[in-house]
Amino acid sequence: MFKKILFLCCCLFICLGTGLAHGAPSIQKFTYGVNRDNRLRIVFDCSKKTKASAQMSDRELTVTVYGKLDNNIDKNYFIKNSANIKRISLERDGNKTILHVKLAKKLSNSDYKLFALKADRVAKRPERIVVDVQS
């Protein structure tokens, strides 16, 4: 009887442990581009719904996405076709990813937009966090 209870406890521990490991969202893909209107769009493809926040400092826009950055994603990008945006970089901070957008001049709060897009099963698109920056 003791062995059965011990076996049951071990099984529960394993099941609960693996469930917690997969609980945090992850960032599976990172893309960016500058359009003809000189607007930079940054997209984080996420494994599931997550939150993000943005903060503007003197010459940097910092966006925190609550999802773990996959190891195979590059961390530094240089923007060639933008007058104001020089570089973007990603930083891992536990289960958060921090995006740094280095600017030549300070932007106002109306010059950037942060929003989430729901998963689209028909178009086969995952949950996404999007950052638009007018440069």
# chains A, B, ... in the order shown; residues from 1 in each chain; ligands from 1
call {"tool": "residues_around", "arguments": {"residues": "region 74-89 of chain A", "least_positions_apart": "2", "cutoff": "10 Å", "atoms": "only C-alpha atoms", "output": "VMD selection string"}}
result
chain A and resid 29 to 30 32 to 36 38 to 40 42 59 to 62 69 to 72 91 to 92 98 to 107 133 to 135
call {"tool": "write_last_selection", "arguments": {"atoms": "C-alpha atoms", "output": "PDB file, in the first residue's frame"}}
result
ATOM      1  CA  LYS A  29      10.076  34.465 -33.728  1.00  0.00           C
ATOM      2  CA  PHE A  30      11.143  38.096 -34.005  1.00  0.00           C
ATOM      3  CA  TYR A  32      11.000  43.837 -38.105  1.00  0.00           C
ATOM      4  CA  GLY A  33      10.832  46.096 -41.136  1.00  0.00           C
ATOM      5  CA  VAL A  34      10.629  49.747 -42.186  1.00  0.00           C
ATOM      6  CA  ASN A  35       7.858  50.676 -44.637  1.00  0.00           C
ATOM      7  CA  ARG A  36       7.699  53.514 -47.210  1.00  0.00           C
ATOM      8  CA  ASN A  38       9.378  55.416 -42.529  1.00  0.00           C
ATOM      9  CA  ARG A  39       7.492  53.444 -39.853  1.00  0.00           C
ATOM     10  CA  LEU A  40       9.321  50.614 -38.116  1.00  0.00           C
ATOM     11  CA  ILE A  42       8.458  45.030 -34.797  1.00  0.00           C
ATOM     12  CA  ARG A  59      16.843  58.453 -26.723  1.00  0.00           C
ATOM     13  CA  GLU A  60      15.573  54.941 -26.203  1.00  0.00           C
ATOM     14  CA  LEU A  61      12.252  53.140 -26.393  1.00  0.00           C
ATOM     15  CA  THR A  62      12.199  50.145 -24.061  1.00  0.00           C
ATOM     16  CA  LEU A  69      13.215  34.641 -25.751  1.00  0.00           C
ATOM     17  CA  ASP A  70      14.219  31.490 -27.664  1.00  0.00           C
ATOM     18  CA  ASN A  71      17.980  30.961 -27.880  1.00  0.00           C
ATOM     19  CA  ASN A  72      18.048  30.800 -31.686  1.00  0.00           C
ATOM     20  CA  GLU A  91      17.808  41.169 -23.865  1.00  0.00           C
ATOM     21  CA  ARG A  92      16.699  38.137 -21.867  1.00  0.00           C
ATOM     22  CA  ILE A  98      13.411  43.469 -23.179  1.00  0.00           C
ATOM     23  CA  LEU A  99      13.560  45.281 -26.519  1.00  0.00           C
ATOM     24  CA  HIS A 100      15.795  48.362 -26.760  1.00  0.00           C
ATOM     25  CA  VAL A 101      15.191  50.725 -29.688  1.00  0.00           C
ATOM     26  CA  LYS A 102      18.111  53.193 -29.903  1.00  0.00           C
ATOM     27  CA  LEU A 103      17.086  56.550 -31.369  1.00  0.00           C
ATOM     28  CA  ALA A 104      18.926  59.538 -32.815  1.00  0.00           C
ATOM     29  CA  LYS A 105      16.320  61.881 -31.278  1.00  0.00           C
ATOM     30  CA  LYS A 106      13.657  61.536 -28.609  1.00  0.00           C
ATOM     31  CA  LEU A 107      10.144  60.531 -29.692  1.00  0.00           C
ATOM     32  CA  VAL A 133       7.541  53.298 -34.231  1.00  0.00           C
ATOM     33  CA  GLN A 134       7.343  56.377 -36.437  1.00  0.00           C
ATOM     34  CA  SER A 135      10.905  57.259 -37.305  1.00  0.00           C
TER      35      SER A 135
END
call {"tool": "residues_around", "arguments": {"residues": "Tyr66 (chain A)", "least_positions_apart": "6", "cutoff": "6 Å", "atoms": "only C-alpha atoms", "output": "mmCIF file with C-alpha atoms, in the first residue's frame"}}
result
data_model
loop_
_atom_site.group_PDB
_atom_site.id
_atom_site.type_symbol
_atom_site.label_atom_id
_atom_site.label_comp_id
_atom_site.auth_asym_id
_atom_site.auth_seq_id
_atom_site.Cartn_x
_atom_site.Cartn_y
_atom_site.Cartn_z
ATOM 1 C CA LYS A 51 1.438 41.095 -21.969
ATOM 2 C CA ALA A 52 3.864 43.863 -22.842
ATOM 3 C CA LYS A 96 10.853 38.491 -19.815
#
call {"tool": "select_by_dssp", "arguments": {"residues": "chain A", "states": "alpha helix (DSSP H)", "output": "JSON, numbers by chain"}}
result
{"A": [2, 3, 4, 5, 6, 7, 8, 9, 10, 11, 12, 13, 14, 15, 16, 17, 18, 19, 20, 21]}
call {"tool": "closest_residue", "arguments": {"among": "A:Val131, A:Val65, A:Ala119, A:Ile73", "to": "Pro25 (chain A)", "atoms": "only C-alpha atoms"}}
result
A:Val65
call {"tool": "atom_distance", "arguments": {"atom1": "CA of Lys48 (chain A)", "atom2": "CA of Leu90 (chain A)"}}
result
19.4 Å
call {"tool": "closest_residue", "arguments": {"among": "A:Thr31, A:Asp93, A:Asp45, A:Ser26", "to": "Arg128 (chain A)", "atoms": "only C-alpha atoms"}}
result
A:Asp45
call {"tool": "atom_distance", "arguments": {"atom1": "CA of Val122 (chain A)", "atom2": "CA of Asp37 (chain A)"}}
result
29.1 Å
call {"tool": "select_by_dssp", "arguments": {"residues": "chain A", "states": "strand (DSSP E)", "output": "PDB file with C-alpha atoms, in the first residue's frame"}}
result
ATOM      1  CA  SER A  26       7.902  32.016 -25.121  1.00  0.00           C
ATOM      2  CA  ILE A  27       8.902  34.244 -28.007  1.00  0.00           C
ATOM      3  CA  GLN A  28       9.345  31.948 -30.975  1.00  0.00           C
ATOM      4  CA  LYS A  29      10.076  34.465 -33.728  1.00  0.00           C
ATOM      5  CA  PHE A  30      11.143  38.096 -34.005  1.00  0.00           C
ATOM      6  CA  THR A  31      10.719  40.179 -37.192  1.00  0.00           C
ATOM      7  CA  TYR A  32      11.000  43.837 -38.105  1.00  0.00           C
ATOM      8  CA  GLY A  33      10.832  46.096 -41.136  1.00  0.00           C
ATOM      9  CA  VAL A  34      10.629  49.747 -42.186  1.00  0.00           C
ATOM     10  CA  ARG A  39       7.492  53.444 -39.853  1.00  0.00           C
ATOM     11  CA  LEU A  40       9.321  50.614 -38.116  1.00  0.00           C
ATOM     12  CA  ARG A  41       7.142  47.598 -37.269  1.00  0.00           C
ATOM     13  CA  ILE A  42       8.458  45.030 -34.797  1.00  0.00           C
ATOM     14  CA  VAL A  43       6.594  41.749 -34.280  1.00  0.00           C
ATOM     15  CA  PHE A  44       7.074  39.134 -31.565  1.00  0.00           C
ATOM     16  CA  ASP A  45       5.439  35.756 -32.342  1.00  0.00           C
ATOM     17  CA  CYS A  46       4.497  34.219 -28.984  1.00  0.00           C
ATOM     18  CA  ALA A  52       3.864  43.863 -22.842  1.00  0.00           C
ATOM     19  CA  SER A  53       4.663  47.380 -21.671  1.00  0.00           C
ATOM     20  CA  ALA A  54       6.623  50.282 -23.165  1.00  0.00           C
ATOM     21  CA  GLN A  55       8.622  53.132 -21.679  1.00  0.00           C
ATOM     22  CA  MET A  56      10.244  56.083 -23.440  1.00  0.00           C
ATOM     23  CA  GLU A  60      15.573  54.941 -26.203  1.00  0.00           C
ATOM     24  CA  LEU A  61      12.252  53.140 -26.393  1.00  0.00           C
ATOM     25  CA  THR A  62      12.199  50.145 -24.061  1.00  0.00           C
ATOM     26  CA  VAL A  63       9.548  47.464 -24.509  1.00  0.00           C
ATOM     27  CA  THR A  64       9.161  44.608 -22.023  1.00  0.00           C
ATOM     28  CA  VAL A  65       7.430  41.490 -23.340  1.00  0.00           C
ATOM     29  CA  LYS A  68      11.059  33.982 -22.677  1.00  0.00           C
ATOM     30  CA  LEU A  69      13.215  34.641 -25.751  1.00  0.00           C
ATOM     31  CA  ASN A  76      21.256  42.767 -32.200  1.00  0.00           C
ATOM     32  CA  TYR A  77      19.956  44.399 -35.375  1.00  0.00           C
ATOM     33  CA  PHE A  78      21.152  47.532 -37.207  1.00  0.00           C
ATOM     34  CA  ILE A  85      16.293  54.489 -35.509  1.00  0.00           C
ATOM     35  CA  LYS A  86      19.874  53.320 -35.400  1.00  0.00           C
ATOM     36  CA  ARG A  87      19.781  49.945 -33.664  1.00  0.00           C
ATOM     37  CA  ILE A  88      17.447  47.522 -31.939  1.00  0.00           C
ATOM     38  CA  SER A  89      18.565  44.895 -29.486  1.00  0.00           C
ATOM     39  CA  LEU A  90      16.960  42.159 -27.414  1.00  0.00           C
ATOM     40  CA  GLU A  91      17.808  41.169 -23.865  1.00  0.00           C
ATOM     41  CA  ARG A  92      16.699  38.137 -21.867  1.00  0.00           C
ATOM     42  CA  ASP A  93      15.675  38.749 -18.273  1.00  0.00           C
ATOM     43  CA  LYS A  96      10.853  38.491 -19.815  1.00  0.00           C
ATOM     44  CA  THR A  97      12.335  39.848 -23.028  1.00  0.00           C
ATOM     45  CA  ILE A  98      13.411  43.469 -23.179  1.00  0.00           C
ATOM     46  CA  LEU A  99      13.560  45.281 -26.519  1.00  0.00           C
ATOM     47  CA  HIS A 100      15.795  48.362 -26.760  1.00  0.00           C
ATOM     48  CA  VAL A 101      15.191  50.725 -29.688  1.00  0.00           C
ATOM     49  CA  LYS A 102      18.111  53.193 -29.903  1.00  0.00           C
ATOM     50  CA  LEU A 103      17.086  56.550 -31.369  1.00  0.00           C
ATOM     51  CA  TYR A 112       4.956  54.735 -31.054  1.00  0.00           C
ATOM     52  CA  LYS A 113       2.195  52.213 -30.512  1.00  0.00           C
ATOM     53  CA  LEU A 114       2.230  48.881 -28.663  1.00  0.00           C
ATOM     54  CA  PHE A 115      -0.548  46.331 -29.101  1.00  0.00           C
ATOM     55  CA  ALA A 116      -1.338  42.605 -29.085  1.00  0.00           C
ATOM     56  CA  LEU A 117      -2.864  40.562 -31.892  1.00  0.00           C
ATOM     57  CA  GLU A 127      -0.385  35.303 -30.689  1.00  0.00           C
ATOM     58  CA  ARG A 128       1.686  38.414 -31.409  1.00  0.00           C
ATOM     59  CA  ILE A 129       2.978  41.548 -29.722  1.00  0.00           C
ATOM     60  CA  VAL A 130       3.450  44.412 -32.198  1.00  0.00           C
ATOM     61  CA  VAL A 131       5.390  47.670 -31.803  1.00  0.00           C
ATOM     62  CA  ASP A 132       5.020  50.451 -34.389  1.00  0.00           C
ATOM     63  CA  VAL A 133       7.541  53.298 -34.231  1.00  0.00           C
ATOM     64  CA  GLN A 134       7.343  56.377 -36.437  1.00  0.00           C
TER      65      GLN A 134
END
call {"tool": "atom_distance", "arguments": {"atom1": "CA of Asp111 (chain A)", "atom2": "CA of Thr50 (chain A)"}}
result
23.1 Å
